[in-house]
Each structure stands twice: as structure tokens, then as C-alpha cells.
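The file model.cif contains mmCIF, C-alpha atoms:
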data_target
loop_
_atom_site.group_PDB
_atom_site.id
_atom_site.type_symbol
_atom_site.label_atom_id
_atom_site.label_comp_id
_atom_site.auth_asym_id
_atom_site.auth_seq_id
_atom_site.Cartn_x
_atom_site.Cartn_y
_atom_site.Cartn_z
ATOM 1 C CA MET Z 172 0.000 0.000 0.000
ATOM 2 C CA THR Z 173 1.166 3.481 -0.758
ATOM 3 C CA LEU Z 174 0.327 4.902 2.675
ATOM 4 C CA PRO Z 175 2.372 2.299 4.599
ATOM 5 C CA ASN Z 176 5.299 3.014 2.281
ATOM 6 C CA ILE Z 177 5.067 6.749 2.900
ATOM 7 C CA VAL Z 178 4.906 6.124 6.656
ATOM 8 C CA GLY Z 179 7.826 3.655 6.521
ATOM 9 C CA VAL Z 180 10.033 6.013 4.521
ATOM 10 C CA ASN Z 181 9.310 8.909 6.868
ATOM 11 C CA VAL Z 182 9.785 6.889 10.062
ATOM 12 C CA GLY Z 183 13.079 5.582 8.641
ATOM 13 C CA TRP Z 184 14.243 9.098 7.750
ATOM 14 C CA TRP Z 185 13.406 10.493 11.189
ATOM 15 C CA ALA Z 186 15.045 7.535 12.955
ATOM 16 C CA CYS Z 187 18.241 7.922 10.927
ATOM 17 C CA VAL Z 188 18.499 11.671 11.301
ATOM 18 C CA LEU Z 189 17.459 11.973 14.953
ATOM 19 C CA GLY Z 190 19.535 8.943 15.905
ATOM 20 C CA ALA Z 191 22.621 10.488 14.298
ATOM 21 C CA ALA Z 192 21.913 13.912 15.798
ATOM 22 C CA ARG Z 193 21.704 12.365 19.273
ATOM 23 C CA GLY Z 194 24.782 10.156 18.909
ATOM 24 C CA ASN Z 195 22.846 6.910 18.413
ATOM 25 C CA GLU Z 196 23.686 6.272 14.770
ATOM 26 C CA TRP Z 197 22.627 2.609 14.942
ATOM 27 C CA ILE Z 198 18.933 3.365 15.602
ATOM 28 C CA GLY Z 199 18.127 4.605 12.096
ATOM 29 C CA PRO Z 200 19.664 1.686 10.210
ATOM 30 C CA ALA Z 201 17.862 -0.746 12.547
ATOM 31 C CA VAL Z 202 14.503 0.928 11.818
ATOM 32 C CA VAL Z 203 15.262 1.011 8.081
ATOM 33 C CA ILE Z 204 16.125 -2.698 8.086
ATOM 34 C CA GLY Z 205 12.674 -3.322 9.560
ATOM 35 C CA HIS Z 206 11.044 -1.193 6.872
ATOM 36 C CA LEU Z 207 13.011 -2.933 4.117
ATOM 37 C CA ALA Z 208 12.091 -6.355 5.513
ATOM 38 C CA VAL Z 209 8.385 -5.480 5.454
ATOM 39 C CA HIS Z 210 8.688 -3.988 1.977
ATOM 40 C CA LEU Z 211 10.454 -7.062 0.605
ATOM 41 C CA GLY Z 212 8.151 -9.411 2.479
ATOM 42 C CA LEU Z 213 5.115 -7.896 0.786
ATOM 43 C CA SER Z 214 6.724 -7.730 -2.657
ATOM 44 C CA ARG Z 215 6.162 -10.321 -5.345
ATOM 45 C CA ASN Z 216 9.382 -9.386 -7.088
ATOM 46 C CA ARG Z 217 11.725 -9.757 -4.075
ATOM 47 C CA THR Z 218 14.875 -10.596 -6.010
ATOM 48 C CA ASP Z 219 14.745 -7.604 -8.369
ATOM 49 C CA ILE Z 220 13.617 -5.204 -5.665
ATOM 50 C CA GLY Z 221 16.289 -6.524 -3.285
ATOM 51 C CA ARG Z 222 18.953 -5.956 -5.928
ATOM 52 C CA PHE Z 223 17.607 -2.478 -6.616
ATOM 53 C CA LEU Z 224 17.653 -1.539 -2.916
ATOM 54 C CA THR Z 225 21.253 -2.762 -2.705
ATOM 55 C CA VAL Z 226 22.189 -0.679 -5.757
ATOM 56 C CA ALA Z 227 20.483 2.338 -4.152
ATOM 57 C CA ALA Z 228 22.597 1.861 -1.011
ATOM 58 C CA VAL Z 229 25.798 1.667 -3.089
ATOM 59 C CA VAL Z 230 24.833 4.703 -5.176
ATOM 60 C CA GLY Z 231 24.026 6.631 -1.997
ATOM 61 C CA PHE Z 232 27.277 5.626 -0.323
ATOM 62 C CA CYS Z 233 29.239 6.785 -3.372
ATOM 63 C CA ILE Z 234 27.357 10.071 -3.725
ATOM 64 C CA ASP Z 235 27.456 11.025 -0.048
ATOM 65 C CA SER Z 236 31.110 9.962 0.246
ATOM 66 C CA PHE Z 237 31.925 12.076 -2.806
ATOM 67 C CA LEU Z 238 30.070 15.015 -1.252
ATOM 68 C CA GLY Z 239 32.053 14.456 1.939
ATOM 69 C CA TYR Z 240 35.320 14.246 0.014
ATOM 70 C CA LYS Z 241 34.514 17.518 -1.800
ATOM 71 C CA GLY Z 242 33.840 19.163 1.579
ATOM 72 C CA ALA Z 243 30.164 19.735 0.795
ATOM 73 C CA LEU Z 244 28.987 17.533 3.700
ATOM 74 C CA ILE Z 245 30.501 17.389 7.144
ATOM 75 C CA HIS Z 246 29.634 14.607 9.574
ATOM 76 C CA LEU Z 247 31.431 12.804 12.381
ATOM 77 C CA SER Z 248 32.765 9.896 10.315
ATOM 78 C CA GLY Z 249 35.076 11.990 8.136
ATOM 79 C CA TRP Z 250 34.416 12.086 4.419
ATOM 80 C CA LEU Z 251 33.074 8.538 4.046
ATOM 81 C CA SER Z 252 29.318 8.322 4.259
ATOM 82 C CA PRO Z 253 28.194 6.979 7.648
ATOM 83 C CA LEU Z 254 25.913 3.952 7.863
ATOM 84 C CA TRP Z 255 22.887 6.038 8.889
ATOM 85 C CA MET Z 256 23.176 8.070 5.668
ATOM 86 C CA VAL Z 257 23.666 4.940 3.562
ATOM 87 C CA ALA Z 258 20.483 3.488 5.108
ATOM 88 C CA LEU Z 259 18.501 6.500 3.912
ATOM 89 C CA TRP Z 260 19.032 5.578 0.255
ATOM 90 C CA PRO Z 261 17.376 2.129 0.123
ATOM 91 C CA ASN Z 262 14.770 3.449 2.558
ATOM 92 C CA PHE Z 263 13.891 6.168 0.044
ATOM 93 C CA ALA Z 264 14.262 3.783 -2.918
ATOM 94 C CA THR Z 265 11.324 1.707 -1.647
ATOM 95 C CA SER Z 266 9.132 4.619 -2.672
ATOM 96 C CA LEU Z 267 10.347 4.320 -6.270
ATOM 97 C CA THR Z 268 8.674 0.904 -6.493
ATOM 98 C CA THR Z 269 5.492 2.031 -4.714
ATOM 99 C CA SER Z 270 4.377 5.579 -3.977
ATOM 100 C CA LEU Z 271 6.620 7.211 -6.630
ATOM 101 C CA VAL Z 272 6.331 4.490 -9.275
ATOM 102 C CA PHE Z 273 4.656 7.027 -11.595
ATOM 103 C CA LEU Z 274 8.112 8.595 -12.138
ATOM 104 C CA LYS Z 275 9.256 5.535 -14.116
ATOM 105 C CA GLU Z 276 8.121 7.127 -17.385
ATOM 106 C CA ARG Z 277 8.900 10.693 -16.280
ATOM 107 C CA LEU Z 278 12.672 11.001 -15.890
ATOM 108 C CA ILE Z 279 12.706 14.775 -16.426
ATOM 109 C CA LEU Z 280 10.177 15.191 -13.626
ATOM 110 C CA ALA Z 281 12.296 12.840 -11.479
ATOM 111 C CA SER Z 282 15.320 15.037 -12.135
ATOM 112 C CA ALA Z 283 13.406 18.204 -11.229
ATOM 113 C CA LEU Z 284 12.091 16.596 -8.032
ATOM 114 C CA GLY Z 285 15.597 15.461 -7.142
ATOM 115 C CA THR Z 286 16.941 18.970 -7.646
ATOM 116 C CA MET Z 287 14.433 20.307 -5.129
ATOM 117 C CA ALA Z 288 13.795 17.444 -2.711
ATOM 118 C CA GLY Z 289 17.399 16.306 -2.243
ATOM 119 C CA PRO Z 290 18.593 19.601 -0.752
ATOM 120 C CA VAL Z 291 15.410 19.843 1.345
ATOM 121 C CA ALA Z 292 16.130 16.440 2.925
ATOM 122 C CA TYR Z 293 19.731 17.426 3.663
ATOM 123 C CA ALA Z 294 18.552 20.772 5.053
ATOM 124 C CA GLY Z 295 16.252 18.902 7.428
ATOM 125 C CA GLY Z 296 19.121 16.699 8.570
ATOM 126 C CA ALA Z 297 21.341 19.740 9.027
ATOM 127 C CA ALA Z 298 18.665 21.649 10.960
ATOM 128 C CA LEU Z 299 18.318 18.706 13.344
ATOM 129 C CA GLY Z 300 22.087 18.531 13.842
ATOM 130 C CA ALA Z 301 22.848 15.244 12.085
ATOM 131 C CA LEU Z 302 25.273 16.779 9.570
ATOM 132 C CA ARG Z 303 26.451 20.066 8.181
ATOM 133 C CA VAL Z 304 26.256 21.226 4.579
ATOM 134 C CA THR Z 305 28.816 23.871 3.719
ATOM 135 C CA SER Z 306 27.709 27.027 1.934
ATOM 136 C CA GLY Z 307 29.167 25.834 -1.383
ATOM 137 C CA GLY Z 308 27.931 22.328 -0.678
ATOM 138 C CA TRP Z 309 24.299 23.087 -1.435
ATOM 139 C CA LEU Z 310 25.031 23.320 -5.145
ATOM 140 C CA TRP Z 311 26.856 19.966 -5.015
ATOM 141 C CA VAL Z 312 23.895 18.377 -3.215
ATOM 142 C CA ALA Z 313 21.445 19.758 -5.780
ATOM 143 C CA VAL Z 314 23.552 18.559 -8.713
ATOM 144 C CA ALA Z 315 24.025 15.120 -7.127
ATOM 145 C CA TRP Z 316 20.276 14.680 -6.642
ATOM 146 C CA THR Z 317 19.481 16.081 -10.088
ATOM 147 C CA ILE Z 318 21.438 13.110 -11.427
ATOM 148 C CA ALA Z 319 20.735 10.494 -8.722
ATOM 149 C CA MET Z 320 16.949 10.703 -8.756
ATOM 150 C CA PRO Z 321 16.372 9.907 -12.444
ATOM 151 C CA LEU Z 322 19.198 7.349 -12.307
ATOM 152 C CA LEU Z 323 17.482 5.480 -9.460
ATOM 153 C CA VAL Z 324 14.095 5.792 -11.158
ATOM 154 C CA TYR Z 325 15.599 4.369 -14.342
ATOM 155 C CA LEU Z 326 17.230 1.506 -12.428
ATOM 156 C CA SER Z 327 14.114 0.695 -10.406
ATOM 157 C CA PRO Z 328 12.521 -2.596 -11.376
ATOM 158 C CA VAL Z 329 9.324 -2.568 -13.344
ATOM 159 C CA VAL Z 330 6.679 -3.680 -10.889
ATOM 160 C CA GLN Z 331 3.436 -5.433 -11.569
ATOM 161 C CA PRO Z 332 0.413 -3.125 -11.211
ATOM 162 C CA ALA Z 333 -0.690 -4.692 -7.932
ATOM 163 C CA GLU Z 334 2.733 -4.039 -6.399
ATOM 164 C CA ASP Z 335 2.233 -0.295 -6.259
ATOM 165 C CA ASP Z 336 -0.087 -1.064 -3.352
ATOM 166 C CA LEU Z 337 2.698 -2.615 -1.248
ATOM 167 C CA ALA Z 338 4.384 -1.227 1.847
#
Let me see the structure of the file written as C-alpha cells.
Amino acid sequence: MTLPNIVGVNVGWWACVLGAARGNEWIGPAVVIGHLAVHLGLSRNRTDIGRFLTVAAVVGFCIDSFLGYKGALIHLSGWLSPLWMVALWPNFATSLTTSLVFLKERLILASALGTMAGPVAYAGGAALGALRVTSGGWLWVAVAWTIAMPLLVYLSPVVQPAEDDLA
């Protein structure tokens, strides 16, 4: 169902960000693992979706580590992306096979949404104290998400119509 997916993605985001901000970086990934388990458990196409969620985690690790290396993001673990940030990527990617599945044929819209929503998510994390985005880093974040969003949409598995009602 779309609503459970939206709830799961948001609970996962809050757990990751607040856990990191309060020095409990393990809480978010634990919550996300629960969300991913439910999502996969309700999916008919577990193998393809599981692969896609793994790819999303790798893409996210690479992007956030690159942003850290460039000095755009500052967090406690140095320039490598911490586990709580990596967990955010497959958590979000579940929405690309459910609540945001309509983007599959709309890559330009996906890019535009990435340009706007990516920086907003990082701004939320920064406002809560989980990380810091440098003044020049905002452009890097926007560019990264302008590319990452349509890339992930493109890589997302084609789901059967009934699957867009999964968690």
C-alpha cells in the first residue's frame, strides 16, 4: 500500500536523522532494516527489488562519500558516508517501487524533483544537527540529486500493477 510506504520512509528518515543527531547512529539503520524487511516481504518481485535496494545503497554511499570528500557535507565519520546516511538511500528507494512508481516514465520530472527534494532532505538533517552542509555544498547536493533521482528511477525494477499497493 502506498500509505504504509510513505509512513515507513518517513519513520526511517526520522530515525536515521534523529539517531545520528543524538549520537545513536545505529537506531536509524535498525529501523530502516525493519522497513526494508516489510517492503520485501510484501513484494512479489523480491529478487529484483532486493537488488535495486542494494544498488540504491551503493549509489548513496558513493554520492554522499563524494560530497564528503569535496567538503560539501561534514559529519562525524570523516568524508566517508556513515551507515545512517547509507540506510537512507534504500529506505527512500522503496518509494520508487510504490508511492513514486509514476516517475518511471517521467525522468525529467524525477530530475526536477531530485533537484528540489534532495537539498530539502539534507537541510532537514542539518537543521536537526545530524550533519552540516557547507555554503558551497548546497550546489553539489542539488547537482548530485538532479542526477541520482532519475538514475534510481531508471534503475528501479518494473513492478506489476498490484505491487504499487505494497508497503
Under the PyMOL selection byres ((chain Z and resi 191) around 10), which residues of this model are included? Write them out as an MDAnalysis selection string. chainID Z and resid 185:190 192:199 246:247 253:256 296 299:302
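The set of residues that the PyMOL selection byres ((chain Z and resi 325) around 12) takes from this file is Phe223, Val226, Ala227, Ala264, Leu267, Thr268, Val272, Phe273, Leu274, Lys275, Glu276, Arg277, Leu278, Ile279, Ala281, Ser282, Ile318, Ala319, Met320, Pro321, Leu322, Leu323, Val324, Leu326, Ser327, Pro328 and Val329 of chain Z.
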Residue with the minimum atom-to-atom distance to Ser252 in chain Z, picked from Z:Ile204, Z:Val229, Z:Val314, Z:Ala298 with only C-alpha atoms counted, is Z:Val229
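Taking CA of Val182 in chain Z as the reference point, CA of Ala292 in chain Z is found at 13.5 Å.
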Under the rule that all atoms listed in the file are counted, which of Z:Phe232, Z:Gly308, Z:Gly289, Z:Val202 is the nearest residue to Trp184 in chain Z? Z:Val202
Residues around (24.8, 21.3, -1.4), cut-off 10 Å, counting all atoms listed in the file - what are they as a PyMOL selection string? chain Z and resi 238+242-244+289-291+293-294+303-316
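The space separating CA of Leu280 in chain Z from CA of Ala258 in chain Z comes to 24.4 Å.
Our summary of the geometry notes that CA of Thr317 in chain Z is positioned 7.7 Å from CA of Leu284 in chain Z.
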Please, can range 300-319 of chain Z be completed to N, CA and C atoms and returned as a short mmCIF file (atom, residue, chain, number, x, y, z; two decimals), in the coordinates of the input?
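Output contents, as saved in rebuild.cif:
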data_model
loop_
_atom_site.label_atom_id
_atom_site.label_comp_id
_atom_site.auth_asym_id
_atom_site.auth_seq_id
_atom_site.Cartn_x
_atom_site.Cartn_y
_atom_site.Cartn_z
N GLY Z 300 20.75 18.73 13.29
CA GLY Z 300 22.09 18.53 13.84
C GLY Z 300 22.76 17.22 13.47
N ALA Z 301 22.27 16.52 12.47
CA ALA Z 301 22.85 15.24 12.08
C ALA Z 301 24.08 15.41 11.20
N LEU Z 302 24.16 16.51 10.47
CA LEU Z 302 25.27 16.78 9.57
C LEU Z 302 25.32 18.27 9.31
N ARG Z 303 26.35 18.67 8.59
CA ARG Z 303 26.45 20.07 8.18
C ARG Z 303 26.71 20.11 6.68
N VAL Z 304 26.02 21.00 6.00
CA VAL Z 304 26.26 21.23 4.58
C VAL Z 304 26.93 22.59 4.48
N THR Z 305 28.09 22.61 3.84
CA THR Z 305 28.82 23.87 3.72
C THR Z 305 28.10 24.79 2.74
N SER Z 306 28.42 26.07 2.79
CA SER Z 306 27.71 27.03 1.93
C SER Z 306 27.83 26.66 0.46
N GLY Z 307 29.00 26.26 0.00
CA GLY Z 307 29.17 25.83 -1.38
C GLY Z 307 28.65 24.42 -1.63
N GLY Z 308 28.38 23.70 -0.56
CA GLY Z 308 27.93 22.33 -0.68
C GLY Z 308 26.52 22.17 -1.19
N TRP Z 309 25.70 23.19 -1.00
CA TRP Z 309 24.30 23.09 -1.44
C TRP Z 309 24.19 22.87 -2.94
N LEU Z 310 25.04 23.52 -3.70
CA LEU Z 310 25.03 23.32 -5.14
C LEU Z 310 25.42 21.88 -5.49
N TRP Z 311 26.44 21.36 -4.80
CA TRP Z 311 26.86 19.97 -5.01
C TRP Z 311 25.72 19.00 -4.70
N VAL Z 312 25.02 19.25 -3.60
CA VAL Z 312 23.90 18.38 -3.22
C VAL Z 312 22.81 18.43 -4.29
N ALA Z 313 22.48 19.62 -4.75
CA ALA Z 313 21.44 19.76 -5.78
C ALA Z 313 21.85 19.05 -7.07
N VAL Z 314 23.08 19.22 -7.49
CA VAL Z 314 23.55 18.56 -8.71
C VAL Z 314 23.54 17.04 -8.53
N ALA Z 315 24.00 16.57 -7.38
CA ALA Z 315 24.02 15.12 -7.13
C ALA Z 315 22.62 14.53 -7.22
N TRP Z 316 21.64 15.20 -6.62
CA TRP Z 316 20.28 14.68 -6.64
C TRP Z 316 19.59 14.89 -7.99
N THR Z 317 20.01 15.89 -8.73
CA THR Z 317 19.48 16.08 -10.09
C THR Z 317 19.84 14.88 -10.95
N ILE Z 318 20.99 14.29 -10.69
CA ILE Z 318 21.44 13.11 -11.43
C ILE Z 318 20.95 11.82 -10.77
N ALA Z 319 21.04 11.74 -9.45
CA ALA Z 319 20.74 10.49 -8.72
C ALA Z 319 19.27 10.08 -8.83
#
